[in-house]
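A.B. asks: File model_30.cif below, mmCIF, C-alpha atoms:
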```cif
data_structure
loop_
_atom_site.label_atom_id
_atom_site.label_comp_id
_atom_site.auth_asym_id
_atom_site.auth_seq_id
_atom_site.Cartn_x
_atom_site.Cartn_y
_atom_site.Cartn_z
CA MET M 159 43.87 -54.60 72.20
CA PRO M 160 40.08 -54.84 71.89
CA ASN M 161 37.72 -51.87 71.89
CA PHE M 162 35.04 -51.48 74.57
CA LYS M 163 31.82 -49.45 74.37
CA PHE M 164 30.86 -47.78 77.61
CA GLN M 165 28.06 -45.78 79.19
CA GLY M 166 28.52 -43.71 82.29
CA ARG M 167 27.78 -40.53 84.23
CA SER M 168 30.05 -37.53 84.68
CA GLU M 169 30.52 -35.73 88.00
CA GLN M 170 27.77 -33.31 86.92
CA GLY M 171 25.39 -36.21 86.21
CA GLN M 172 25.61 -35.97 82.42
CA ALA M 173 25.35 -39.14 80.34
CA VAL M 174 28.68 -40.16 78.81
CA THR M 175 29.11 -42.68 76.00
CA GLY M 176 32.02 -43.69 73.80
CA THR M 177 34.62 -46.33 73.07
CA LEU M 178 38.00 -47.06 74.66
CA GLU M 179 40.83 -49.36 73.72
CA ALA M 180 42.01 -51.42 76.69
CA SER M 181 43.08 -54.91 77.73
CA SER M 182 39.96 -55.63 79.82
CA LYS M 183 36.73 -54.21 81.22
CA ASP M 184 38.48 -53.47 84.51
CA ALA M 185 41.08 -51.38 82.66
CA VAL M 186 38.28 -49.43 80.97
CA ALA M 187 36.58 -48.85 84.34
CA GLY M 188 39.89 -47.59 85.75
CA GLN M 189 40.33 -45.13 82.89
CA LEU M 190 36.79 -43.85 83.29
CA MET M 191 37.13 -43.39 87.05
CA GLY M 192 40.33 -41.46 86.41
CA ARG M 193 38.36 -39.11 84.17
CA GLY M 194 35.72 -38.58 86.81
CA VAL M 195 33.17 -40.76 84.98
CA THR M 196 31.18 -43.38 86.85
CA PRO M 197 30.83 -46.44 84.56
CA ILE M 198 27.33 -47.87 84.18
CA LYS M 199 27.78 -50.33 81.34
CA ILE M 200 30.90 -51.68 79.62
CA GLU M 201 30.88 -54.24 76.83
CA GLU M 202 33.40 -55.39 74.27
CA GLU M 203 32.75 -54.42 70.66
CA THR M 204 31.94 -57.34 68.37
CA ALA M 205 33.88 -58.10 65.20
CA GLY M 206 30.94 -56.84 63.16
CA ALA M 207 30.93 -53.53 65.01
CA ASN M 208 34.66 -53.13 64.37
CA ILE M 209 34.19 -53.80 60.67
CA THR M 210 31.33 -51.29 60.54
CA LYS M 211 33.54 -48.74 62.28
CA GLN M 212 36.35 -49.31 59.76
CA ILE M 213 33.95 -48.94 56.84
CA ASN M 214 32.59 -45.74 58.39
CA THR M 215 36.15 -44.42 58.67
CA LEU M 216 36.89 -45.22 55.01
CA LEU M 217 33.70 -43.42 53.94
CA GLY M 218 34.69 -40.29 55.86
CA GLY M 219 32.35 -40.78 58.81
CA ASP M 220 35.17 -39.84 61.20
CA LYS M 221 35.54 -36.39 59.65
CA VAL M 222 34.56 -33.63 62.05
CA SER M 223 32.29 -31.12 60.33
CA THR M 224 32.71 -27.36 60.33
CA VAL M 225 29.45 -27.04 62.28
CA ASP M 226 30.94 -29.18 65.08
CA LEU M 227 34.00 -26.91 65.22
CA ILE M 228 31.85 -23.77 65.32
CA MET M 229 29.78 -25.18 68.19
CA PHE M 230 32.97 -26.23 69.98
CA CYS M 231 34.39 -22.69 69.74
CA ARG M 232 31.16 -21.12 70.97
CA GLN M 233 30.93 -23.51 73.90
CA MET M 234 34.60 -23.04 74.78
CA TYR M 235 34.07 -19.26 74.72
CA THR M 236 31.28 -19.65 77.26
CA ILE M 237 33.34 -22.06 79.39
CA THR M 238 36.49 -19.92 79.47
CA LYS M 239 34.54 -16.70 80.03
CA ALA M 240 32.72 -18.27 82.99
CA GLY M 241 36.03 -19.36 84.50
CA ILE M 242 35.28 -23.10 84.38
CA PRO M 243 38.50 -25.19 84.46
CA LEU M 244 39.45 -26.32 80.96
CA THR M 245 39.65 -30.01 81.81
CA ARG M 246 36.24 -30.03 83.45
CA GLY M 247 34.71 -27.98 80.62
CA ILE M 248 36.11 -30.17 77.84
CA ARG M 249 34.99 -33.32 79.66
CA GLY M 250 31.51 -31.87 79.84
CA LEU M 251 31.57 -31.01 76.13
CA ALA M 252 32.76 -34.51 75.24
CA ALA M 253 29.87 -35.98 77.21
CA GLY M 254 27.35 -34.06 75.11
CA VAL M 255 28.97 -34.61 71.70
CA ARG M 256 27.22 -37.16 69.48
CA HIS M 257 30.06 -37.45 66.97
CA GLN M 258 32.03 -40.41 68.28
CA LYS M 259 35.39 -39.42 66.74
CA PHE M 260 35.14 -35.86 68.05
CA GLN M 261 34.19 -37.20 71.47
CA GLU M 262 37.31 -39.37 71.52
CA VAL M 263 39.44 -36.40 70.46
CA LEU M 264 38.04 -34.16 73.21
CA ASN M 265 38.62 -36.86 75.81
CA ASP M 266 42.20 -37.22 74.60
CA VAL M 267 42.69 -33.44 74.83
CA ALA M 268 41.33 -33.51 78.40
CA GLU M 269 43.72 -36.33 79.32
CA ARG M 270 46.67 -34.37 77.95
CA LEU M 271 45.56 -31.32 79.93
CA GLU M 272 45.41 -33.44 83.08
CA GLY M 273 48.96 -34.57 82.32
CA GLY M 274 50.18 -30.97 82.34
CA THR M 275 50.22 -30.32 78.58
CA ALA M 276 49.13 -26.88 77.37
CA LEU M 277 45.85 -26.62 75.47
CA SER M 278 47.50 -25.55 72.21
CA ARG M 279 49.88 -28.52 72.29
CA SER M 280 47.02 -30.85 73.17
CA LEU M 281 45.05 -29.63 70.17
CA ARG M 282 48.12 -29.85 67.91
CA ALA M 283 48.08 -33.63 68.44
CA HIS M 284 44.99 -33.74 66.18
CA PRO M 285 46.02 -31.77 63.04
CA LYS M 286 43.19 -33.19 60.90
CA ILE M 287 40.67 -31.39 63.11
CA PHE M 288 42.60 -28.40 64.47
CA ASN M 289 44.79 -26.80 61.79
CA ASP M 290 47.87 -24.63 62.32
CA LEU M 291 45.86 -21.40 62.27
CA PHE M 292 43.52 -22.71 64.98
CA VAL M 293 46.38 -23.94 67.18
CA SER M 294 48.45 -20.76 66.76
CA MET M 295 45.49 -18.62 67.77
CA ILE M 296 44.92 -20.76 70.87
CA ASN M 297 48.62 -20.48 71.72
CA VAL M 298 48.43 -16.69 71.55
CA GLY M 299 45.25 -16.72 73.66
CA GLU M 300 46.95 -18.82 76.34
CA THR M 301 49.96 -16.50 76.40
CA SER M 302 47.93 -13.28 76.51
CA GLY M 303 45.24 -14.54 78.88
CA ASN M 304 42.48 -13.79 76.34
CA LEU M 305 41.53 -17.37 75.55
CA ASP M 306 37.81 -16.63 75.69
CA GLN M 307 38.05 -13.85 73.09
CA VAL M 308 40.24 -16.01 70.87
CA PHE M 309 37.64 -18.78 70.86
CA LYS M 310 34.98 -16.21 70.00
CA GLN M 311 37.05 -14.83 67.12
CA ILE M 312 37.88 -18.28 65.74
CA GLY M 313 34.23 -19.31 65.84
CA TYR M 314 33.24 -16.13 63.98
CA TYR M 315 35.98 -16.66 61.38
CA ILE M 316 35.05 -20.31 60.71
CA GLU M 317 31.36 -19.43 60.49
CA ARG M 318 31.87 -16.61 57.97
CA ASP M 319 34.26 -18.75 55.93
CA GLU M 320 31.75 -21.60 55.83
CA GLU M 321 28.92 -19.23 54.82
CA THR M 322 30.96 -17.99 51.86
CA LYS M 323 31.71 -21.56 50.73
CA LYS M 324 28.04 -22.53 50.97
CA ARG M 325 26.94 -19.48 48.98
CA VAL M 326 29.44 -20.26 46.20
CA LYS M 327 28.40 -23.94 46.08
CA SER M 328 24.72 -22.99 46.05
CA ALA M 329 25.22 -20.57 43.16
CA LEU M 330 27.14 -23.16 41.11
CA ARG M 331 24.68 -25.98 41.80
CA TYR M 332 22.14 -24.96 39.12
CA PRO M 333 24.58 -24.65 36.18
CA THR M 334 26.32 -27.86 37.28
CA PHE M 335 23.06 -29.83 37.15
CA VAL M 336 22.18 -28.31 33.77
CA VAL M 337 25.55 -29.27 32.29
CA MET M 338 25.26 -32.81 33.72
CA ALA M 339 21.74 -33.18 32.31
CA LEU M 340 22.92 -31.92 28.92
CA ALA M 341 25.82 -34.40 28.90
CA ALA M 342 23.46 -37.26 29.82
CA ALA M 343 21.05 -36.20 27.07
CA ILE M 344 23.84 -36.12 24.48
CA ALA M 345 24.98 -39.62 25.51
CA ALA M 346 21.43 -41.02 25.42
CA ILE M 347 20.71 -39.52 21.99
CA ASN M 348 23.95 -40.87 20.52
CA VAL M 349 23.40 -44.36 21.96
CA TRP M 350 19.65 -44.86 21.32
CA VAL M 351 18.03 -42.15 19.20
CA VAL M 352 20.49 -41.55 16.35
CA PRO M 353 21.14 -45.30 15.67
CA ALA M 354 17.39 -45.84 15.22
CA PHE M 355 17.19 -43.09 12.60
CA ALA M 356 20.43 -44.24 10.98
CA LYS M 357 18.92 -47.71 10.52
CA MET M 358 15.87 -46.15 8.88
CA PHE M 359 17.96 -43.91 6.57
CA SER M 360 20.09 -46.87 5.46
CA LYS M 361 17.00 -48.43 3.82
CA PHE M 362 16.84 -45.54 1.36
CA ASP M 363 19.48 -45.03 -1.27
CA ALA M 364 19.75 -41.27 -0.78
CA GLU M 365 22.60 -38.86 -0.18
CA LEU M 366 22.54 -37.74 3.45
CA PRO M 367 23.29 -34.14 4.48
CA ILE M 368 26.67 -33.45 6.09
CA VAL M 369 25.01 -32.71 9.45
CA THR M 370 23.36 -36.13 9.43
CA LYS M 371 26.64 -37.84 8.52
CA ILE M 372 28.35 -36.12 11.44
CA LEU M 373 25.61 -37.20 13.85
CA ILE M 374 25.73 -40.81 12.62
CA GLY M 375 29.53 -40.87 12.78
CA THR M 376 29.52 -39.52 16.32
CA SER M 377 26.87 -42.05 17.32
CA ASN M 378 28.92 -44.92 15.83
CA VAL M 379 31.90 -43.83 17.93
CA PHE M 380 29.73 -43.81 21.06
CA VAL M 381 28.16 -47.20 20.33
CA ASN M 382 31.23 -49.08 19.06
CA TYR M 383 34.01 -47.51 21.10
CA TRP M 384 32.27 -46.59 24.36
CA TYR M 385 34.84 -48.53 26.38
CA LEU M 386 37.69 -46.55 24.81
CA ILE M 387 35.86 -43.30 25.59
CA GLY M 388 35.41 -44.48 29.19
CA ILE M 389 39.11 -45.36 29.46
CA VAL M 390 40.18 -42.00 28.01
CA VAL M 391 37.85 -40.08 30.35
CA ALA M 392 38.99 -42.10 33.38
CA LEU M 393 42.68 -41.60 32.49
CA GLY M 394 42.04 -37.90 31.97
CA VAL M 395 40.32 -37.53 35.35
CA PHE M 396 42.96 -39.51 37.24
CA GLY M 397 45.75 -37.72 35.39
CA PHE M 398 44.26 -34.34 36.27
CA LEU M 399 43.81 -35.32 39.94
CA TYR M 400 47.41 -36.55 40.06
CA LEU M 401 48.64 -33.35 38.40
CA ILE M 402 46.97 -31.00 40.87
CA LYS M 403 48.52 -32.93 43.78
CA THR M 404 52.05 -32.11 42.60
CA GLU M 405 53.67 -28.80 43.56
CA LYS M 406 53.82 -27.46 40.01
CA GLY M 407 50.34 -28.76 39.31
CA LYS M 408 48.91 -27.02 42.37
CA LEU M 409 50.42 -23.71 41.27
CA TRP M 410 49.17 -24.15 37.69
CA TRP M 411 45.62 -25.10 38.74
CA GLY M 412 45.49 -22.35 41.35
CA LYS M 413 46.27 -19.78 38.65
CA GLN M 414 43.91 -21.34 36.11
CA LYS M 415 40.99 -21.25 38.56
CA LEU M 416 41.36 -17.48 38.78
CA ASN M 417 41.27 -17.22 34.97
CA LEU M 418 38.12 -19.29 34.50
CA PRO M 419 35.38 -17.41 32.63
CA ILE M 420 32.60 -15.94 34.78
CA VAL M 421 33.54 -17.77 38.02
CA GLY M 422 37.25 -16.88 38.09
CA GLU M 423 36.73 -13.43 39.62
CA LEU M 424 34.27 -14.90 42.10
CA ILE M 425 36.82 -17.48 43.30
CA GLU M 426 39.52 -14.81 43.57
CA ARG M 427 37.36 -12.44 45.61
CA ALA M 428 36.21 -15.22 47.93
CA SER M 429 39.85 -16.23 48.49
CA MET M 430 40.87 -12.64 49.16
CA ALA M 431 38.03 -12.25 51.67
CA ARG M 432 39.29 -15.36 53.46
CA TYR M 433 42.87 -14.02 53.45
CA ALA M 434 41.93 -10.58 54.76
CA ARG M 435 39.68 -12.01 57.48
CA SER M 436 42.24 -14.55 58.71
CA PHE M 437 45.07 -11.97 58.62
CA SER M 438 42.95 -9.47 60.57
CA LEU M 439 41.93 -12.16 63.06
CA MET M 440 45.51 -13.17 63.81
CA LEU M 441 46.77 -9.60 64.12
CA GLN M 442 43.95 -8.82 66.57
CA ALA M 443 44.98 -11.86 68.62
CA GLY M 444 48.61 -10.70 68.70
CA VAL M 445 50.20 -13.16 66.27
CA PRO M 446 53.44 -11.69 64.76
CA ILE M 447 52.99 -10.41 61.20
CA ASN M 448 55.43 -12.84 59.56
CA ARG M 449 53.87 -15.81 61.37
CA ALA M 450 50.37 -14.58 60.51
CA LEU M 451 51.26 -14.30 56.82
CA SER M 452 52.74 -17.82 56.84
CA LEU M 453 49.51 -19.21 58.30
CA CYS M 454 47.42 -17.24 55.80
CA ALA M 455 49.47 -18.64 52.91
CA ALA M 456 48.87 -22.17 54.20
CA SER M 457 45.12 -21.68 54.76
CA ILE M 458 44.18 -19.84 51.56
CA ASP M 459 43.38 -23.13 49.73
CA ASN M 460 44.98 -21.89 46.51
CA ALA M 461 48.66 -22.65 45.92
CA TYR M 462 49.08 -19.75 43.47
CA LEU M 463 47.63 -17.17 45.87
CA GLY M 464 49.51 -18.86 48.73
CA GLN M 465 52.75 -18.28 46.85
CA LYS M 466 51.83 -14.61 46.40
CA ILE M 467 51.15 -14.25 50.15
CA ALA M 468 54.44 -16.03 50.95
CA ARG M 469 56.22 -13.38 48.85
CA ILE M 470 54.39 -10.68 50.83
CA ARG M 471 55.81 -12.26 54.00
CA GLU M 472 59.31 -12.32 52.50
CA GLY M 473 59.00 -8.64 51.61
CA VAL M 474 57.85 -7.77 55.14
CA GLU M 475 60.79 -9.72 56.59
CA ARG M 476 63.13 -7.67 54.38
CA GLY M 477 61.68 -4.51 55.89
CA ASP M 478 59.22 -3.49 53.16
CA SER M 479 55.86 -2.02 54.16
CA LEU M 480 52.61 -3.94 53.89
CA LEU M 481 51.47 -1.51 51.21
CA ARG M 482 54.48 -2.09 48.97
CA THR M 483 54.41 -5.86 49.37
CA HIS M 484 50.65 -6.06 48.72
CA ASN M 485 51.01 -3.75 45.70
CA ALA M 486 53.78 -5.96 44.30
CA ALA M 487 51.53 -9.02 44.62
CA GLN M 488 49.21 -7.55 41.93
CA ILE M 489 46.11 -9.30 43.24
CA PHE M 490 44.46 -6.43 45.14
CA THR M 491 42.30 -3.60 43.82
CA PRO M 492 43.42 0.06 44.25
CA LEU M 493 40.68 0.64 46.83
CA VAL M 494 41.93 -2.24 48.96
CA LEU M 495 45.51 -0.98 48.68
CA GLN M 496 44.36 2.46 49.87
CA MET M 497 42.66 0.88 52.90
CA ILE M 498 45.85 -1.03 53.73
CA ALA M 499 47.87 2.18 53.40
CA VAL M 500 45.53 4.07 55.75
CA GLY M 501 45.54 1.18 58.24
CA GLU M 502 49.33 0.99 58.23
CA GLU M 503 49.70 4.73 58.73
CA SER M 504 47.13 4.88 61.53
CA GLY M 505 48.30 1.72 63.30
CA GLN M 506 44.87 0.12 62.84
CA ILE M 507 45.78 -2.37 60.15
CA GLU M 508 43.79 -5.21 61.75
CA GLU M 509 40.57 -3.13 61.76
CA LEU M 510 41.12 -2.00 58.16
CA LEU M 511 41.83 -5.58 57.07
CA GLY M 512 38.50 -6.52 58.62
CA ASP M 513 36.92 -3.82 56.45
CA VAL M 514 38.76 -5.27 53.43
CA ALA M 515 37.21 -8.67 54.20
CA GLU M 516 33.76 -7.07 54.40
CA PHE M 517 34.41 -5.29 51.10
CA TYR M 518 35.30 -8.55 49.37
CA ASP M 519 32.30 -10.27 50.98
CA ARG M 520 29.98 -7.66 49.47
CA GLU M 521 31.67 -8.16 46.09
CA VAL M 522 31.17 -11.94 46.40
CA ASP M 523 27.50 -11.44 47.33
CA TYR M 524 26.97 -9.28 44.25
CA ASP M 525 28.78 -11.77 42.01
CA LEU M 526 26.67 -14.61 43.37
CA GLN M 527 23.45 -12.68 42.75
CA THR M 528 24.41 -12.03 39.12
CA LEU M 529 26.10 -15.39 38.47
CA THR M 530 22.92 -17.14 37.30
CA ASP M 531 22.09 -14.21 35.02
CA LYS M 532 25.53 -14.55 33.41
CA ILE M 533 25.46 -18.33 33.01
CA GLU M 534 21.85 -18.80 31.85
CA PRO M 535 22.31 -17.19 28.38
CA ILE M 536 25.36 -19.38 27.73
CA LEU M 537 23.47 -22.53 28.73
CA ILE M 538 20.43 -21.54 26.63
CA ILE M 539 22.58 -20.83 23.56
CA THR M 540 24.45 -24.12 24.00
CA MET M 541 21.22 -26.09 24.28
CA ALA M 542 19.74 -24.23 21.29
CA ILE M 543 22.77 -25.10 19.14
CA PHE M 544 22.58 -28.74 20.21
CA VAL M 545 18.84 -28.98 19.51
CA THR M 546 19.27 -27.22 16.13
CA ILE M 547 22.03 -29.60 15.01
CA LEU M 548 19.99 -32.60 16.16
CA ALA M 549 16.84 -31.35 14.40
CA LEU M 550 18.66 -30.57 11.14
CA GLY M 551 20.50 -33.90 11.20
CA ILE M 552 17.29 -35.89 11.59
CA PHE M 553 14.65 -33.91 9.71
CA LEU M 554 16.63 -32.76 6.64
CA PRO M 555 17.00 -36.32 5.23
CA MET M 556 13.36 -37.05 6.12
CA TRP M 557 12.22 -34.03 4.11
CA SER M 558 14.47 -35.10 1.24
CA MET M 559 12.92 -38.58 1.24
CA TYR M 560 9.45 -37.06 1.28
CA ASP M 561 10.29 -34.99 -1.80
CA ILE M 562 11.67 -38.05 -3.60
CA GLN M 563 8.51 -40.05 -2.89
CA LYS M 564 6.38 -37.22 -4.29
#
```
Could you take the file, read its structure, and then write that structure out as structure tokens?
C.D. replies:
Amino acid sequence: MPNFKFQGRSEQGQAVTGTLEASSKDAVAGQLMGRGVTPIKIEEETAGANITKQINTLLGGDKVSTVDLIMFCRQMYTITKAGIPLTRGIRGLAAGVRHQKFQEVLNDVAERLEGGTALSRSLRAHPKIFNDLFVSMINVGETSGNLDQVFKQIGYYIERDEETKKRVKSALRYPTFVVMALAAAIAAINVWVVPAFAKMFSKFDAELPIVTKILIGTSNVFVNYWYLIGIVVALGVFGFLYLIKTEKGKLWWGKQKLNLPIVGELIERASMARYARSFSLMLQAGVPINRALSLCAASIDNAYLGQKIARIREGVERGDSLLRTHNAAQIFTPLVLQMIAVGEESGQIEELLGDVAEFYDREVDYDLQTLTDKIEPILIITMAIFVTILALGIFLPMWSMYDIQK
């Protein structure tokens, strides 16, 4: 069936735009009237528009950003707290959303609600946008009658999680650019600079220093076998990406990330902050402990740590305490274990887990502040070694030739 673009007005007078798949314009008008939207303009999408839409989908344009989800949670908190009916509130949100894919999703959720489906089940129909943790929290909020507080908590969790990711990416941006620039410089020197000097040295019948021979040999490999280097690099990258998609590969890479020099501890602490915050959030909402641990294991974004958390859940299901299972995991500091012990004894484990998340956040902040100071000396030494080798390889034979001419 063809797609139709439409413009209309909601019952509150808000402008509504979007696309619908239907057999005719009349069918689109009927769907809109059923949603409480008065159609103003309906036109069939052209073939070019459909192709553009498909290209946009392939490029990831349909992906709903974290910012959109945060705004959705905040707006839903306001809507549910004010007592506005969910269907009416979600329709209103869809009318004001500029992201076309998210607008279509919200309209679909509203239609499911109108058909008698619960909100959590309606959201579950779109797993690429609303993950299991999100849906489970909404389900608990519906059951307990605290949907507004659940939306507030989810929005806070997503926002803090996104802030941590941005801080880590920002801290790694500088060393990444330096390494990329250094790699580009090495390639350029081997392809253009060294061959020019090698051609000049070949005119003189003189014994070249070992450093110069190494530079010329490396340059010859770059110039004459660049396609083989490209093939090897491409195969290595694709092989690595394939490896980390397998179950064993995910576990191996998850463990290796934690053992990386300098940034390994940072990644581990950021992951632990995410775990503690999500676990605390779900316990506050009333999610059972075993279910909460399963969701945490799935959302930790590290298969190795996820396996550790899954073992914590298995221990809890056997009847072990949270303290013993977390101690057996061997990924938490003694201070954190003490906080878990106090929280378990006092019956305030969710509050203490929130404190654990704050503790790890402070550790991550400190690591990020000192990360550049740790990486800069390594980068400076690496560049100094490279420049020294290059200088010796080029200038030593030139000095030797000068002495011969004298």
A.B. asks: I would like the residues chosen by the PyMOL selection byres ((chain M and resi 229-242) around 7) on the shown file; could you give them as a count of residues only?
C.D. replies: 14
A.B. asks: Please determine the residues with any atom at most 10 Å from (41.2, -28.3, 58.6) (coordinates as given in the file, with all atoms listed in the file counting) and report them as a PyMOL selection string.
C.D. replies: chain M and resi 221-224+227+285-292+457
A.B. asks: Please dump the current selection as a short mmCIF file (atom, residue, chain, number, x, y, z; two decimals), in the coordinates of the input; keep C-alpha atoms.
C.D. replies:
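As written to disk, part-v4.cif reads:
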```cif
data_model
loop_
_atom_site.label_atom_id
_atom_site.label_comp_id
_atom_site.auth_asym_id
_atom_site.auth_seq_id
_atom_site.Cartn_x
_atom_site.Cartn_y
_atom_site.Cartn_z
CA LYS M 221 35.54 -36.39 59.65
CA VAL M 222 34.56 -33.63 62.05
CA SER M 223 32.29 -31.12 60.33
CA THR M 224 32.71 -27.36 60.33
CA LEU M 227 34.00 -26.91 65.22
CA PRO M 285 46.02 -31.77 63.04
CA LYS M 286 43.19 -33.19 60.90
CA ILE M 287 40.67 -31.39 63.11
CA PHE M 288 42.60 -28.40 64.47
CA ASN M 289 44.79 -26.80 61.79
CA ASP M 290 47.87 -24.63 62.32
CA LEU M 291 45.86 -21.40 62.27
CA PHE M 292 43.52 -22.71 64.98
CA SER M 457 45.12 -21.68 54.76
#
```
A.B. asks: Near stretch 294-296 of chain M, counting all atoms listed in the file, which residues have an atom at most 7 Å away, once you skip same-chain residues fewer than 6 positions from it, shown as an MDAnalysis selection string?
C.D. replies: chainID M and resid 278 305 308 440 443
A.B. asks: Using the chain letters and numbering of this document, enumerate as a list of chain:residue names the residues selected by the PyMOL selection byres ((chain M and resi 526) around 10).
C.D. replies: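 Given this file, the PyMOL selection byres ((chain M and resi 526) around 10) evaluates to M:Arg325, M:Val326, M:Lys327, M:Ser328, M:Ala329, M:Leu330, M:Val421, M:Leu424, M:Arg520, M:Glu521, M:Val522, M:Asp523, M:Tyr524, M:Asp525, M:Gln527, M:Thr528, M:Leu529, M:Thr530, M:Asp531.
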A.B. asks: In Å, how far is it from atom CA of M:Gln261 to atom CA of M:Lys324?
C.D. replies: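 Here the two named atoms are 25.9 Å from each other.
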A.B. asks: Can you tell me which residues surround stretch 476-489 of chain M at a distance of at most 8 Å, considering all atoms listed in the file, apart from same-chain residues fewer than 2 positions away, and format the answer as a ChimeraX atom specification?
C.D. replies: /M:466-467,469-470,472-474,491,495,498-499,502
A.B. asks: Can you sort out the box for stretch 290-296 of chain M, edges along x, y and z, all listed atoms in, 4 Å on every side, with centre and edge lengths in Å to one decimal, as JSON?
C.D. replies:
```
{"center_x": 46.0, "center_y": -21.6, "center_z": 66.6, "size_x": 12.9, "size_y": 14.0, "size_z": 16.6}
```
A.B. asks: Applying 8 Å and only C-alpha atoms, which residues near stretch 353-370 of chain M remain after dropping the ones on its own chain fewer than 2 positions away? List them as a VMD selection string.
C.D. replies: chain M and resid 348 to 351 372 to 374 377 to 378 547 550 to 552 554 to 555 559
A.B. asks: Under the rule that all atoms listed in the file are counted, which of M:Lys532, M:Tyr314, M:Pro446, M:Arg471 is the nearest residue to M:Pro333?
C.D. replies: M:Lys532
A.B. asks: Using all atoms listed in the file, can you tell me which of M:Glu534, M:Asp513, M:Asn448, M:Thr301 comes closest to M:Val500?
C.D. replies: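 For M:Val500, the nearest of the candidates is M:Asp513.
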A.B. asks: Tell me, in Å to one decimal, how far atom CA of M:Ala468 is from atom CA of M:Tyr315.
C.D. replies: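 Atom CA of M:Ala468 sits 21.2 Å away from atom CA of M:Tyr315.
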A.B. asks: Which is closer to M:Val445 than all the others in M:Leu416, M:Asp319, M:Ser302, M:Thr404, using only C-alpha atoms?
C.D. replies: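 The answer is M:Ser302, which sits nearest to M:Val445.
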A.B. asks: Would you mind telling me which residue in M:Ser436, M:Gly388, M:Gly412, M:Gln465 lies nearest to M:Leu453 when using all atoms listed in the file?
C.D. replies: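 With all atoms listed in the file as the atom set, the closest residue is M:Ser436.
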A.B. asks: Can you tell me which residues surround M:Gln165 at a distance of at most 8 Å, considering all atoms listed in the file, apart from same-chain residues fewer than 6 positions away, and format the answer as an MDAnalysis selection string?
C.D. replies: chainID M and resid 173:176 197:200
A.B. asks: Those residues with C-alpha atoms, as a compact mmCIF listing (two decimals), in the frame of the given file please?
C.D. replies:
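Saved as part_39.txt:
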```txt
# COMPACT_ATOMS: atom_id res chain seq x y z
CA ALA M 173 25.35 -39.14 80.34
CA VAL M 174 28.68 -40.16 78.81
CA THR M 175 29.11 -42.68 76.00
CA GLY M 176 32.02 -43.69 73.80
CA PRO M 197 30.83 -46.44 84.56
CA ILE M 198 27.33 -47.87 84.18
CA LYS M 199 27.78 -50.33 81.34
CA ILE M 200 30.90 -51.68 79.62
```
A.B. asks: Mind listing whatever residues come within 9 Å of the point (46.6, -5.7, 59.3)? Use only C-alpha atoms, file coordinates, and give them as an MDAnalysis selection string.
C.D. replies: chainID M and resid 434 437:442 447 480 498 501:502 505:512
A.B. asks: Once you have the residues from the selection above, write them out as a PDB file, in the coordinates of the input, restricted to C-alpha atoms.
C.D. replies:
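Output contents, as saved in again-v4.pdb:
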```
ATOM      1  CA  ALA M 434      41.930 -10.580  54.760  1.00  0.00           C
ATOM      2  CA  PHE M 437      45.070 -11.970  58.620  1.00  0.00           C
ATOM      3  CA  SER M 438      42.950  -9.470  60.570  1.00  0.00           C
ATOM      4  CA  LEU M 439      41.930 -12.160  63.060  1.00  0.00           C
ATOM      5  CA  MET M 440      45.510 -13.170  63.810  1.00  0.00           C
ATOM      6  CA  LEU M 441      46.770  -9.600  64.120  1.00  0.00           C
ATOM      7  CA  GLN M 442      43.950  -8.820  66.570  1.00  0.00           C
ATOM      8  CA  ILE M 447      52.990 -10.410  61.200  1.00  0.00           C
ATOM      9  CA  LEU M 480      52.610  -3.940  53.890  1.00  0.00           C
ATOM     10  CA  ILE M 498      45.850  -1.030  53.730  1.00  0.00           C
ATOM     11  CA  GLY M 501      45.540   1.180  58.240  1.00  0.00           C
ATOM     12  CA  GLU M 502      49.330   0.990  58.230  1.00  0.00           C
ATOM     13  CA  GLY M 505      48.300   1.720  63.300  1.00  0.00           C
ATOM     14  CA  GLN M 506      44.870   0.120  62.840  1.00  0.00           C
ATOM     15  CA  ILE M 507      45.780  -2.370  60.150  1.00  0.00           C
ATOM     16  CA  GLU M 508      43.790  -5.210  61.750  1.00  0.00           C
ATOM     17  CA  GLU M 509      40.570  -3.130  61.760  1.00  0.00           C
ATOM     18  CA  LEU M 510      41.120  -2.000  58.160  1.00  0.00           C
ATOM     19  CA  LEU M 511      41.830  -5.580  57.070  1.00  0.00           C
ATOM     20  CA  GLY M 512      38.500  -6.520  58.620  1.00  0.00           C
TER      21      GLY M 512
END
```
A.B. asks: Interatomic distance between atom CA of M:Pro160 and atom CA of M:Ala180?
C.D. replies: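 According to the coordinates, atom CA of M:Pro160 and atom CA of M:Ala180 are separated by 6.2 Å.
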A.B. asks: Apply the PyMOL selection byres ((chain M and resi 189) around 12) to the file shown and report the selected residues as a list in words.
C.D. replies: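 Taken over the shown coordinates, the PyMOL selection byres ((chain M and resi 189) around 12) returns Phe162, Phe164, Gly166, Thr177, Leu178, Glu179, Ala180, Ser181, Ser182, Lys183, Asp184, Ala185, Val186, Ala187, Gly188, Leu190, Met191, Gly192, Arg193, Gly194, Val195, Thr196, Pro197, Ile200, Asn265, Asp266 and Glu269 of chain M.
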